[in-house]
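Structure data follow from work_3.cif (mmCIF, C-alpha atoms and all ligand atoms):
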```
data_run
loop_
_atom_site.label_atom_id
_atom_site.label_comp_id
_atom_site.auth_asym_id
_atom_site.auth_seq_id
_atom_site.Cartn_x
_atom_site.Cartn_y
_atom_site.Cartn_z
CA MET D 1 122.44 90.14 92.24
CA ASP D 2 120.50 93.09 90.80
CA PHE D 3 118.93 95.74 93.03
CA ALA D 4 117.40 97.76 90.18
CA MET D 5 113.63 97.72 89.76
CA PRO D 6 112.78 95.64 86.67
CA GLU D 7 111.60 97.83 83.76
CA ASN D 8 108.22 96.15 83.47
CA VAL D 9 107.56 96.68 87.20
CA ALA D 10 108.57 100.34 86.96
CA LYS D 11 106.11 100.72 84.09
CA GLU D 12 103.32 99.04 86.06
CA LEU D 13 104.03 101.28 89.03
CA GLU D 14 103.75 104.37 86.84
CA GLU D 15 100.46 103.15 85.37
CA PHE D 16 99.13 102.29 88.83
CA ALA D 17 100.11 105.73 90.15
CA ASN D 18 98.22 107.34 87.27
CA PHE D 19 95.22 105.10 87.95
CA LEU D 20 95.14 106.20 91.60
CA LYS D 21 95.46 109.87 90.66
CA LYS D 22 92.34 109.51 88.56
CA HIS D 23 90.20 107.03 90.49
CA MET D 24 91.20 107.50 94.14
CA ASP D 25 92.92 110.78 95.02
CA PRO D 26 90.04 113.15 94.12
CA PHE D 27 87.56 111.15 96.22
CA LEU D 28 89.63 110.26 99.28
CA THR D 29 88.38 113.05 101.54
CA GLU D 30 84.79 111.97 100.94
CA TRP D 31 85.62 108.29 101.52
CA TYR D 32 87.31 109.16 104.82
CA GLU D 33 84.35 111.29 105.93
CA LYS D 34 81.81 108.60 105.05
CA GLU D 35 84.11 105.73 106.08
CA ILE D 36 83.25 103.77 102.99
CA ILE D 37 85.03 102.70 99.82
CA PRO D 38 82.54 102.61 96.96
CA ARG D 39 82.18 99.39 94.98
CA GLU D 40 82.90 101.33 91.79
CA PHE D 41 86.49 101.74 92.95
CA PHE D 42 86.95 97.96 93.03
CA GLN D 43 85.30 97.71 89.63
CA ASN D 44 87.66 100.35 88.25
CA LEU D 45 90.61 98.44 89.72
CA GLY D 46 89.27 95.25 88.14
CA GLN D 47 88.70 96.82 84.73
CA GLU D 48 92.31 97.91 84.58
CA GLY D 49 93.69 94.62 85.87
CA TRP D 50 94.85 95.76 89.33
CA LEU D 51 93.18 93.05 91.39
CA GLY D 52 96.12 90.70 91.83
CA PHE D 53 95.45 88.27 88.99
CA LYS D 54 95.81 88.23 85.23
CA GLN D 55 94.09 85.82 82.85
CA LYS D 56 96.44 83.93 80.56
CA ASP D 57 95.12 81.30 78.11
CA GLY D 58 91.88 81.15 80.12
CA GLN D 59 93.76 80.49 83.38
CA PHE D 60 94.22 82.85 86.31
CA VAL D 61 97.80 83.73 87.10
CA GLU D 62 98.83 85.56 90.27
CA GLN D 63 100.57 88.89 89.88
CA PRO D 64 104.21 88.44 91.00
CA TYR D 65 104.60 89.15 94.72
CA LEU D 66 107.51 91.49 94.09
CA THR D 67 105.15 93.67 92.05
CA GLN D 68 102.38 93.34 94.65
CA THR D 69 104.62 94.69 97.42
CA ILE D 70 105.71 97.63 95.30
CA LEU D 71 102.15 98.56 94.33
CA MET D 72 100.93 98.12 97.92
CA GLU D 73 103.69 100.40 99.19
CA HIS D 74 102.62 103.05 96.72
CA LEU D 75 98.92 102.79 97.55
CA ALA D 76 99.46 102.72 101.34
CA LYS D 77 101.74 105.75 101.23
CA VAL D 78 98.57 107.69 100.44
CA SER D 79 95.94 105.57 102.18
CA PRO D 80 96.70 102.46 104.24
CA GLY D 81 92.93 102.12 104.80
CA VAL D 82 92.12 101.83 101.10
CA ALA D 83 95.15 99.57 100.63
CA VAL D 84 93.94 97.09 103.26
CA ALA D 85 90.51 96.78 101.65
CA VAL D 86 92.12 95.98 98.29
CA LEU D 87 94.59 93.60 99.95
CA VAL D 88 91.86 91.70 101.80
CA HIS D 89 89.79 91.23 98.64
CA ILE D 90 92.82 89.85 96.78
CA SER D 91 94.97 88.12 99.38
CA LEU D 92 92.40 86.87 101.90
CA GLY D 93 89.60 86.37 99.39
CA MET D 94 90.79 85.48 95.90
CA VAL D 95 94.01 83.77 96.95
CA PRO D 96 92.47 80.99 99.13
CA LEU D 97 89.91 80.35 96.38
CA PHE D 98 92.72 80.22 93.83
CA LEU D 99 94.87 77.93 95.98
CA PHE D 100 92.27 75.57 97.44
CA GLY D 101 88.99 76.11 95.56
CA SER D 102 87.54 73.48 93.23
CA GLU D 103 87.66 74.09 89.48
CA SER D 104 83.95 74.87 89.59
CA GLN D 105 84.37 77.41 92.48
CA LYS D 106 87.20 79.11 90.62
CA ALA D 107 85.23 79.24 87.36
CA THR D 108 82.16 80.59 89.17
CA TYR D 109 83.73 83.22 91.42
CA LEU D 110 87.23 84.23 90.33
CA PRO D 111 86.30 86.06 87.10
CA SER D 112 83.79 88.37 88.78
CA ALA D 113 86.13 88.85 91.78
CA ALA D 114 88.92 89.83 89.37
CA ARG D 115 86.55 92.34 87.77
CA GLY D 116 85.83 93.79 91.23
CA GLU D 117 82.15 92.94 90.87
CA THR D 118 82.01 90.25 93.55
CA LEU D 119 83.80 91.34 96.74
CA LEU D 120 85.40 88.92 99.17
CA CYS D 121 86.56 88.80 102.78
CA LEU D 122 87.83 86.22 105.26
CA GLY D 123 86.61 85.55 108.79
CA ASN D 124 88.67 83.50 111.19
CA THR D 125 89.15 85.58 114.35
CA GLU D 126 86.62 85.11 117.13
CA HIS D 127 86.49 86.67 120.58
CA LYS D 128 88.30 83.69 122.02
CA ALA D 129 90.68 83.00 119.13
CA GLY D 130 92.97 85.45 117.34
CA SER D 131 96.67 84.56 117.42
CA ASP D 132 95.65 81.03 118.34
CA VAL D 133 94.02 80.56 114.94
CA ALA D 134 93.08 76.92 115.58
CA ASN D 135 91.11 77.68 118.75
CA ILE D 136 87.95 78.91 117.03
CA GLY D 137 84.56 77.64 118.19
CA MET D 138 82.28 78.36 115.21
CA GLU D 139 80.32 75.20 114.51
CA ALA D 140 79.80 73.53 111.14
CA GLU D 141 77.20 70.80 111.50
CA LYS D 142 76.84 68.28 108.66
CA VAL D 143 73.31 68.04 107.27
CA ASP D 144 71.82 66.62 104.10
CA GLY D 145 73.38 68.40 101.10
CA GLY D 146 75.55 70.74 103.07
CA TRP D 147 76.52 72.29 106.39
CA VAL D 148 74.90 74.53 108.96
CA LEU D 149 77.12 77.25 110.43
CA ASN D 150 76.61 78.75 113.87
CA GLY D 151 78.81 81.32 115.56
CA THR D 152 80.36 84.79 115.30
CA LYS D 153 83.43 86.10 113.51
CA ALA D 154 84.55 89.05 115.60
CA TYR D 155 86.66 91.19 113.27
CA VAL D 156 86.27 90.95 109.51
CA THR D 157 87.78 93.57 107.21
CA ASN D 158 85.47 94.24 104.23
CA GLY D 159 82.71 92.33 106.05
CA ALA D 160 80.24 95.15 105.40
CA ILE D 161 80.87 95.43 101.67
CA SER D 162 81.58 91.81 100.70
CA ASP D 163 79.26 89.45 98.86
CA LEU D 164 81.08 86.30 99.91
CA ALA D 165 83.19 85.33 102.91
CA LEU D 166 85.73 82.58 103.43
CA ILE D 167 84.79 81.28 106.87
CA THR D 168 86.58 78.77 109.06
CA ALA D 169 84.49 76.52 111.30
CA VAL D 170 84.80 73.34 113.35
CA SER D 171 83.61 70.53 111.08
CA ASP D 172 85.32 67.68 112.94
CA PRO D 173 85.15 68.45 116.69
CA ASP D 174 86.72 65.13 117.74
CA ALA D 175 89.66 65.35 115.35
CA SER D 176 93.14 66.56 116.32
CA ARG D 177 93.82 70.32 116.46
CA ASN D 178 95.19 70.26 112.90
CA ARG D 179 92.17 68.45 111.43
CA ARG D 180 89.21 70.04 113.27
CA LEU D 181 88.52 72.93 110.93
CA SER D 182 87.19 73.34 107.41
CA MET D 183 86.90 76.42 105.24
CA PHE D 184 83.60 77.43 103.67
CA LEU D 185 82.59 79.96 101.06
CA VAL D 186 79.53 81.69 102.48
CA ASP D 187 77.11 83.85 100.54
CA LEU D 188 76.60 86.79 102.91
CA SER D 189 73.06 87.33 101.65
CA SER D 190 72.06 83.90 103.07
CA THR D 191 69.30 83.63 105.65
CA GLY D 192 70.76 83.80 109.17
CA VAL D 193 73.74 86.06 108.37
CA SER D 194 73.83 89.40 110.16
CA ARG D 195 76.50 92.08 110.01
CA LYS D 196 77.47 94.79 112.48
CA LYS D 197 79.88 97.44 111.28
CA LEU D 198 82.25 98.24 114.16
CA SER D 199 83.36 101.70 115.17
CA LYS D 200 87.15 101.93 114.87
CA ARG D 201 89.79 104.62 114.39
CA VAL D 202 92.31 102.68 112.30
CA TRP D 203 92.50 101.86 108.60
CA ILE D 204 89.72 104.30 107.69
CA PRO D 205 87.88 104.13 105.24
CA SER D 206 87.91 100.30 105.21
CA ASP D 207 85.26 98.60 107.32
CA LEU D 208 85.71 96.21 110.23
CA THR D 209 82.60 94.13 110.73
CA ARG D 210 81.23 91.48 113.07
CA LEU D 211 79.61 88.64 111.17
CA ARG D 212 77.04 86.54 112.98
CA PHE D 213 75.89 83.20 111.59
CA ASP D 214 72.65 81.87 113.00
CA ARG D 215 71.97 78.42 111.49
CA VAL D 216 73.27 79.44 108.06
CA PHE D 217 73.02 76.71 105.44
CA VAL D 218 76.06 76.30 103.18
CA PRO D 219 75.79 73.77 100.33
CA ASP D 220 78.35 70.98 99.99
CA GLU D 221 79.80 72.55 96.87
CA ASN D 222 80.88 75.56 98.97
CA LEU D 223 83.34 73.61 101.09
CA VAL D 224 86.71 75.12 100.12
CA GLY D 225 89.52 72.60 99.76
CA GLU D 226 89.40 69.46 101.85
CA GLN D 227 87.20 68.81 104.87
CA GLY D 228 89.42 68.98 107.99
CA LYS D 229 92.13 71.04 106.27
CA GLY D 230 90.72 74.46 107.11
CA LEU D 231 93.55 75.28 109.52
CA HIS D 232 96.12 74.53 106.85
CA HIS D 233 94.19 76.61 104.29
CA VAL D 234 93.81 79.65 106.52
CA LEU D 235 97.40 79.56 107.81
CA SER D 236 98.75 79.23 104.25
CA THR D 237 96.59 82.17 103.23
CA PHE D 238 97.96 84.32 106.09
CA THR D 239 101.54 83.29 105.29
CA GLN D 240 101.16 84.47 101.71
CA SER D 241 99.28 87.60 102.63
CA ARG D 242 102.08 88.57 105.00
CA ILE D 243 104.08 89.63 101.93
CA PRO D 244 101.67 92.24 100.50
CA ILE D 245 100.78 93.46 104.01
CA SER D 246 104.49 94.09 104.57
CA GLY D 247 104.41 96.26 101.43
CA LEU D 248 101.33 98.02 102.81
CA THR D 249 103.03 98.61 106.16
CA LEU D 250 106.20 99.85 104.51
CA GLY D 251 103.99 102.30 102.59
CA THR D 252 102.51 103.46 105.90
CA ALA D 253 106.05 104.20 107.15
CA VAL D 254 106.99 105.98 103.92
CA GLY D 255 103.82 108.10 103.93
CA ALA D 256 104.55 109.14 107.52
CA PHE D 257 108.20 109.83 106.76
CA GLU D 258 107.38 112.03 103.77
CA ALA D 259 104.81 114.00 105.77
CA GLY D 260 107.28 114.41 108.65
CA LEU D 261 110.11 115.46 106.38
CA GLU D 262 107.96 118.07 104.68
CA ARG D 263 106.92 119.47 108.04
CA ALA D 264 110.49 119.46 109.36
CA THR D 265 111.75 121.41 106.35
CA LYS D 266 108.92 123.96 106.39
CA ARG D 267 108.07 124.70 110.01
CA GLU D 268 110.33 127.20 111.79
CA ILE D 269 110.66 127.12 115.58
CA PHE D 270 113.08 129.25 117.65
CA GLY D 271 114.13 130.94 114.42
CA GLN D 272 115.14 127.84 112.47
CA ARG D 273 113.63 124.92 110.56
CA ILE D 274 112.87 121.85 112.66
CA ALA D 275 115.14 119.84 110.34
CA ASP D 276 118.07 122.08 111.25
CA PHE D 277 118.06 120.99 114.87
CA GLN D 278 120.73 118.31 114.95
CA ALA D 279 118.56 116.00 117.06
CA LYS D 280 115.88 116.06 114.35
CA SER D 281 118.35 115.73 111.44
CA PHE D 282 119.72 112.58 113.07
CA GLU D 283 116.20 111.17 113.34
CA ILE D 284 115.62 111.88 109.66
CA ALA D 285 118.85 110.10 108.72
CA ASP D 286 118.04 107.19 111.01
CA PHE D 287 114.48 106.67 109.75
CA PHE D 288 115.44 107.07 106.09
CA THR D 289 118.00 104.29 106.57
CA ARG D 290 115.57 102.05 108.43
CA ILE D 291 113.03 102.44 105.61
CA GLN D 292 115.62 101.32 103.06
CA ALA D 293 116.53 98.33 105.23
CA ALA D 294 112.88 97.31 105.70
CA ARG D 295 112.26 97.71 101.96
CA LEU D 296 115.08 95.26 101.20
CA LEU D 297 113.40 92.70 103.48
CA VAL D 298 109.98 93.29 101.92
CA LEU D 299 111.28 93.00 98.36
CA LYS D 300 113.28 89.91 99.27
CA ALA D 301 110.14 88.27 100.69
CA GLY D 302 108.27 88.94 97.42
CA TRP D 303 111.22 87.79 95.32
CA THR D 304 111.65 84.59 97.35
CA LYS D 305 107.98 83.71 96.85
CA ASP D 306 108.22 84.46 93.12
CA GLN D 307 111.22 82.11 92.88
CA GLY D 308 109.05 79.27 94.20
CA LYS D 309 111.23 78.98 97.31
CA ASP D 310 110.16 78.60 100.93
CA PHE D 311 109.31 82.18 101.94
CA ARG D 312 107.98 81.72 105.49
CA LEU D 313 111.02 83.20 107.24
CA GLU D 314 111.34 86.08 104.78
CA ALA D 315 107.61 86.94 104.97
CA SER D 316 107.62 87.08 108.77
CA MET D 317 110.84 89.11 108.93
CA ALA D 318 109.43 91.57 106.39
CA LYS D 319 106.17 91.92 108.34
CA TYR D 320 108.00 92.25 111.64
CA MET D 321 110.45 94.90 110.48
CA SER D 322 107.94 96.93 108.48
CA VAL D 323 105.63 97.13 111.51
CA GLU D 324 108.53 98.15 113.78
CA ILE D 325 109.47 101.08 111.55
CA ALA D 326 105.89 102.09 110.71
CA ARG D 327 105.03 102.37 114.41
CA LEU D 328 108.19 104.33 115.17
CA ILE D 329 107.99 106.67 112.19
CA GLY D 330 104.21 107.12 112.44
CA VAL D 331 104.51 108.53 115.95
CA TRP D 332 107.61 110.55 115.01
CA ALA D 333 105.83 112.21 112.09
CA ALA D 334 102.76 112.98 114.19
CA ASP D 335 104.98 114.55 116.90
CA LEU D 336 106.42 116.94 114.33
CA PHE D 337 102.96 118.36 113.68
CA GLY D 338 102.41 119.08 117.38
CA ALA D 339 98.82 119.59 118.49
CA ALA D 340 97.47 119.60 114.94
CA SER D 341 98.33 115.89 114.63
CA VAL D 342 95.62 114.76 117.06
CA MET D 343 92.85 116.08 114.81
CA GLU D 344 91.20 113.14 113.12
CA ASP D 345 91.05 114.84 109.75
CA HIS D 346 94.72 115.86 109.78
CA PRO D 347 96.56 113.91 107.05
CA VAL D 348 99.29 112.74 109.46
CA HIS D 349 96.84 111.43 112.06
CA LYS D 350 96.21 108.17 110.22
CA PHE D 351 99.82 106.98 110.09
CA PRO D 352 100.42 106.00 113.75
CA MET D 353 96.89 104.59 113.93
CA ASP D 354 97.28 102.55 110.74
CA ALA D 355 100.72 101.28 111.78
CA TRP D 356 99.04 100.00 114.94
CA ALA D 357 96.44 98.18 112.83
CA SER D 358 99.19 96.65 110.70
CA SER D 359 100.70 95.14 113.84
CA LEU D 360 97.54 93.00 114.25
CA GLY D 361 96.69 91.78 110.75
CA GLU D 362 98.25 88.49 109.59
CA GLY D 363 99.79 87.93 113.02
CA THR D 364 101.04 90.21 115.79
CA GLN D 365 104.71 91.03 116.35
CA ASP D 366 104.90 88.20 118.90
CA VAL D 367 103.51 85.76 116.36
CA GLN D 368 106.07 86.90 113.76
CA LYS D 369 108.86 86.34 116.30
CA LEU D 370 107.52 82.86 117.07
CA ILE D 371 107.63 82.01 113.35
CA ILE D 372 111.07 83.58 112.81
CA PHE D 373 112.47 81.64 115.77
CA ARG D 374 110.86 78.40 114.57
CA GLU D 375 112.36 78.86 111.10
CA ILE D 376 115.81 79.67 112.54
CA MET D 377 115.68 76.54 114.68
CA LYS D 378 114.78 74.35 111.68
CA LYS D 379 118.17 75.23 110.25
CA ASN D 380 120.10 74.94 113.52
C1 LIG K 1 91.79 96.46 111.92
C2 LIG K 1 91.74 94.97 112.06
C3 LIG K 1 91.36 94.19 110.98
C4 LIG K 1 91.24 92.79 111.11
N1 LIG K 1 90.77 92.05 110.05
C5 LIG K 1 90.57 90.72 110.22
C6 LIG K 1 90.00 89.93 109.15
O1 LIG K 1 89.71 90.43 108.06
N2 LIG K 1 89.77 88.62 109.39
C7 LIG K 1 90.08 88.01 110.58
O2 LIG K 1 89.85 86.81 110.72
N3 LIG K 1 90.65 88.74 111.59
C8 LIG K 1 90.90 90.06 111.44
N4 LIG K 1 91.45 90.81 112.46
C9 LIG K 1 91.81 90.14 113.71
C10 LIG K 1 93.33 89.96 113.87
O3 LIG K 1 93.79 88.98 112.97
C11 LIG K 1 93.58 89.59 115.33
O4 LIG K 1 93.28 90.74 116.10
C12 LIG K 1 95.01 89.16 115.58
O5 LIG K 1 95.22 87.89 115.02
C13 LIG K 1 95.31 89.08 117.10
O6 LIG K 1 94.35 88.32 117.74
P1 LIG K 1 93.64 88.88 119.07
O7 LIG K 1 93.11 90.24 118.78
O8 LIG K 1 92.69 87.84 119.55
O9 LIG K 1 94.81 89.04 120.11
P2 LIG K 1 95.43 87.84 121.01
O10 LIG K 1 95.70 86.67 120.16
O11 LIG K 1 94.57 87.65 122.21
O12 LIG K 1 96.81 88.48 121.45
C14 LIG K 1 96.93 89.36 122.58
C15 LIG K 1 98.40 89.62 122.86
O13 LIG K 1 99.06 88.40 123.18
C16 LIG K 1 100.22 88.23 122.37
N5 LIG K 1 100.44 86.82 122.10
C17 LIG K 1 99.57 85.95 121.51
N6 LIG K 1 100.12 84.73 121.42
C18 LIG K 1 101.38 84.82 121.95
C19 LIG K 1 102.45 83.90 122.15
N7 LIG K 1 102.34 82.63 121.77
N8 LIG K 1 103.59 84.35 122.72
C20 LIG K 1 103.72 85.63 123.11
N9 LIG K 1 102.74 86.54 122.97
C21 LIG K 1 101.57 86.16 122.39
C22 LIG K 1 99.88 88.98 121.09
O14 LIG K 1 101.07 89.34 120.38
C23 LIG K 1 99.14 90.18 121.62
O15 LIG K 1 100.04 91.17 122.04
C24 LIG K 1 91.57 92.18 112.35
C25 LIG K 1 91.99 92.98 113.43
C26 LIG K 1 92.07 94.35 113.29
C27 LIG K 1 92.48 95.18 114.49
#
```
Give the structure from this file in structure tokens form.
Ligand SMILES: Cc1cc2nc3c(=O)[nH]c(=O)nc-3n(C[C@H](O)[C@H](O)[C@H](O)COP(=O)(O)OP(=O)(O)OC[C@H]3O[C@@H](n4cnc5c(N)ncnc54)[C@H](O)[C@@H]3O)c2cc1C
Amino acid sequence: MDFAMPENVAKELEEFANFLKKHMDPFLTEWYEKEIIPREFFQNLGQEGWLGFKQKDGQFVEQPYLTQTILMEHLAKVSPGVAVAVLVHISLGMVPLFLFGSESQKATYLPSAARGETLLCLGNTEHKAGSDVANIGMEAEKVDGGWVLNGTKAYVTNGAISDLALITAVSDPDASRNRRLSMFLVDLSSTGVSRKKLSKRVWIPSDLTRLRFDRVFVPDENLVGEQGKGLHHVLSTFTQSRIPISGLTLGTAVGAFEAGLERATKREIFGQRIADFQAKSFEIADFFTRIQAARLLVLKAGWTKDQGKDFRLEASMAKYMSVEIARLIGVWAADLFGAASVMEDHPVHKFPMDAWASSLGEGTQDVQKLIIFREIMKKN
């Protein structure tokens, strides 16, 4: 067993950190003010090979998940909101196409998605169906040469900036729960698509958008994977994405911890540094340890996936634990800044808010516990 970071991953992390210093850090304030991530940023990421896939002998190969978690942690330490937009494009957009798309879909869309020129998102959640993924009502009616989609996807990250969306809809209403849905690749410039950017206070500057489909025609060739296997495709996508989002959430905790630690060692109250109050020093020790423990779970989830082993238990445990600590440490760090922390433009303000957002994406804490319990019971 080796706990050291592999040399090649350490090198990638250093290169990624340099990339962010050049292409993200100087512009972040503006992106937060305007609540938008420019397309050029995705193109820059793509040009330098940071969009989750590498091309090898003409084939796309996924970046190892161990590396993805480490890079996500680093990005989210600075901006969980930018990190989620990148994650959604890769893990909810490119990954389902890579896993379930036809050869022709992959050849048509993956290269430009990997260059950051075509942006992707995924819409499953509806007002009546979030945790209960299968319970969606969006209709897919079969017509000559394709399908007609009708319905609304309530919360779609990157919905405002994406060109294409992976959309789940009911293609087989009379089939069993597991076979009712199909997944479609929808061109968001199609007639009948409308978008409403929602006003939110988490994961800024990413967008959260309502996508409405009013008799939108989708050609047969845009069915992703098999008809009737949409539930399987979307659940598999979420299971995989749980690993990078755990890295993102760990980064949220680390960013908060570093901000809190800096404050505690600089601010003097009652004639001494906050960190010198024993109550606060114990909190610092406690949270530092919890971060290390969560990181071990996150890395193990990535490693397990990279080994080709069943990673469902590890992914849910990593997501569960990283959200627990990010919520705890986000609020702790904000507390240390007192009144200043409630100002929206204060750097610490985003951490508790973004930890809250992390608790919803790719399954709530309750959903993670359901999966963890189910996996435990399979072995007992
Ligand atoms: C910032 C943000 C970005 C998002 N981006 C996307 C996106 O890109 N694409 C997309 O499709 N969706 C997206 N979502 C939606 C997200 O996936 C859902 O909000 C999430 O799945 C929870 O669904 P819900 O909001 O309907 O809550 P509900 O499912 O109604 O849950 C409500 C409460 O009930 C609990 N609960 C649910 N089931 C059980 C159970 N069996 N046992 C015990 N307790 C339970 C939950 O834990 C929660 O506390 C996003 C949401 C947010 C906030």
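Near region 186-189 of chain D, within 8 Å and counting all atoms listed in the file, sit Ser162, Asp163, Leu164, Ala165, Leu166, Ile167, Val193, Val218 and Asn222 of chain D; same-chain residues fewer than 4 positions away were not included.
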Selection within 9 Å of ligand LIG 1 (chain K) by all atoms listed in the file, output as a ChimeraX atom specification: /D:84,88,92,121-133,153-159,167-168,200-203,206-209,354,356-370
Hey, could you make a per-residue contact list for region 209-270 of chain D against region 336-346 of chain D with 12 Å as the cut-off, showing the nearest pair of atoms and its distance in Å to one decimal, counting all atoms listed in the file, sorted by chain and number, as a Markdown table?
```
| residue | atom | partner | partner_atom | distance |
| --- | --- | --- | --- | --- |
| D:Ala256 | CA | D:Leu336 | CA | 10.5 |
| D:Phe257 | CA | D:Leu336 | CA | 10.5 |
| D:Glu258 | CA | D:Leu336 | CA | 11.7 |
| D:Ala259 | CA | D:Leu336 | CA | 9.2 |
| D:Gly260 | CA | D:Leu336 | CA | 6.3 |
| D:Leu261 | CA | D:Leu336 | CA | 8.9 |
| D:Glu262 | CA | D:Leu336 | CA | 9.8 |
| D:Arg263 | CA | D:Leu336 | CA | 6.8 |
| D:Ala264 | CA | D:Leu336 | CA | 6.9 |
| D:Thr265 | CA | D:Leu336 | CA | 10.6 |
| D:Lys266 | CA | D:Leu336 | CA | 10.9 |
| D:Arg267 | CA | D:Phe337 | CA | 8.9 |
| D:Glu268 | CA | D:Leu336 | CA | 11.3 |
| D:Ile269 | CA | D:Leu336 | CA | 11.1 |
```
Closest contacts (region 320-357 of chain D/region 282-291 of chain D, max 10 Å, all atoms listed in the file) as CSV:
```
residue,atom,partner,partner_atom,distance
D:Met321,CA,D:Arg290,CA,9.0
D:Ser322,CA,D:Ile291,CA,8.0
D:Glu324,CA,D:Arg290,CA,9.7
D:Ile325,CA,D:Arg290,CA,6.9
D:Ala326,CA,D:Ile291,CA,8.8
D:Leu328,CA,D:Phe287,CA,8.6
D:Ile329,CA,D:Phe287,CA,6.9
D:Trp332,CA,D:Glu283,CA,8.8
```
Using only C-alpha atoms, which residues sit within 12 Å of Gly230 (chain D) once same-chain residues fewer than 5 positions away are excluded, as a count of residues only? 31
What's the 8 Å shell around region 111-114 of chain D, counting all atoms listed in the file, without same-chain residues fewer than 6 positions away, as a VMD selection string? chain D and resid 46 49 51 to 53 94 120
Print the selection's residues with C-alpha atoms to a file, as a short mmCIF file (atom, residue, chain, number, x, y, z; two decimals), in the frame of the given file.
```cif
data_model
loop_
_atom_site.label_atom_id
_atom_site.label_comp_id
_atom_site.auth_asym_id
_atom_site.auth_seq_id
_atom_site.Cartn_x
_atom_site.Cartn_y
_atom_site.Cartn_z
CA GLY D 46 89.27 95.25 88.14
CA GLY D 49 93.69 94.62 85.87
CA LEU D 51 93.18 93.05 91.39
CA GLY D 52 96.12 90.70 91.83
CA PHE D 53 95.45 88.27 88.99
CA MET D 94 90.79 85.48 95.90
CA LEU D 120 85.40 88.92 99.17
#
```
Any idea what the distance is between CA of Pro352 (chain D) and CA of Lys305 (chain D)?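 Separating CA of Pro352 (chain D) from CA of Lys305 (chain D) is a distance of 29.0 Å.
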Within 12 Å of (112.1, 97.2, 96.4), in the coordinates the file gives, what residues turn up when you count all atoms listed in the file, written out as a PyMOL selection string? chain D and resi 2-6+9-10+13+65-74+246-247+250-251+291-303+318
Would you mind telling me which residue in D:Phe277, D:Trp31, D:Phe16, D:Tyr109 lies nearest to Gly93 (chain D) when using all atoms listed in the file? D:Tyr109
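Here CA of Met24 (chain D) stands at a distance of 12.0 Å from CA of Ala76 (chain D).
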Top pick for closest residue to Thr29 (chain D), considering D:Val148, D:Pro205, D:Ile376, D:His232 and counting only C-alpha atoms: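 Ranked by minimum distance to Thr29 (chain D), first place goes to D:Pro205.
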Please, what distance in Å, to one decimal, runs between CA of Gln47 (chain D) and CA of Gly255 (chain D)? 26.9 Å
Can you list, as a PDB file with C-alpha atoms, in the frame of the given file, every protein, DNA or RNA residue that comes within 10 Å of Phe213 (chain D) when you count only C-alpha atoms, leaving out same-chain residues fewer than 4 positions away?
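around-v8.pdb, freshly written:
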```pdb
ATOM      1  CA  MET D 138      82.280  78.360 115.210  1.00  0.00           C
ATOM      2  CA  GLU D 139      80.320  75.200 114.510  1.00  0.00           C
ATOM      3  CA  VAL D 148      74.900  74.530 108.960  1.00  0.00           C
ATOM      4  CA  LEU D 149      77.120  77.250 110.430  1.00  0.00           C
ATOM      5  CA  ASN D 150      76.610  78.750 113.870  1.00  0.00           C
ATOM      6  CA  GLY D 151      78.810  81.320 115.560  1.00  0.00           C
ATOM      7  CA  THR D 152      80.360  84.790 115.300  1.00  0.00           C
ATOM      8  CA  LYS D 153      83.430  86.100 113.510  1.00  0.00           C
ATOM      9  CA  VAL D 186      79.530  81.690 102.480  1.00  0.00           C
ATOM     10  CA  LEU D 188      76.600  86.790 102.910  1.00  0.00           C
ATOM     11  CA  SER D 190      72.060  83.900 103.070  1.00  0.00           C
ATOM     12  CA  THR D 191      69.300  83.630 105.650  1.00  0.00           C
ATOM     13  CA  GLY D 192      70.760  83.800 109.170  1.00  0.00           C
ATOM     14  CA  VAL D 193      73.740  86.060 108.370  1.00  0.00           C
ATOM     15  CA  SER D 194      73.830  89.400 110.160  1.00  0.00           C
ATOM     16  CA  ARG D 195      76.500  92.080 110.010  1.00  0.00           C
ATOM     17  CA  PHE D 217      73.020  76.710 105.440  1.00  0.00           C
TER      18      PHE D 217
END
```
Which residue gives the smallest distance to Trp147 (chain D) among D:Lys11, D:Arg273, D:Lys21, D:Arg215, with only C-alpha atoms counted?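 Once distances to Trp147 (chain D) are computed over only C-alpha atoms, the minimum belongs to D:Arg215.
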For Asp306 (chain D), which of D:Ala160, D:Gln278, D:Val234, D:Glu62 is the closest residue, counting only C-alpha atoms? D:Glu62
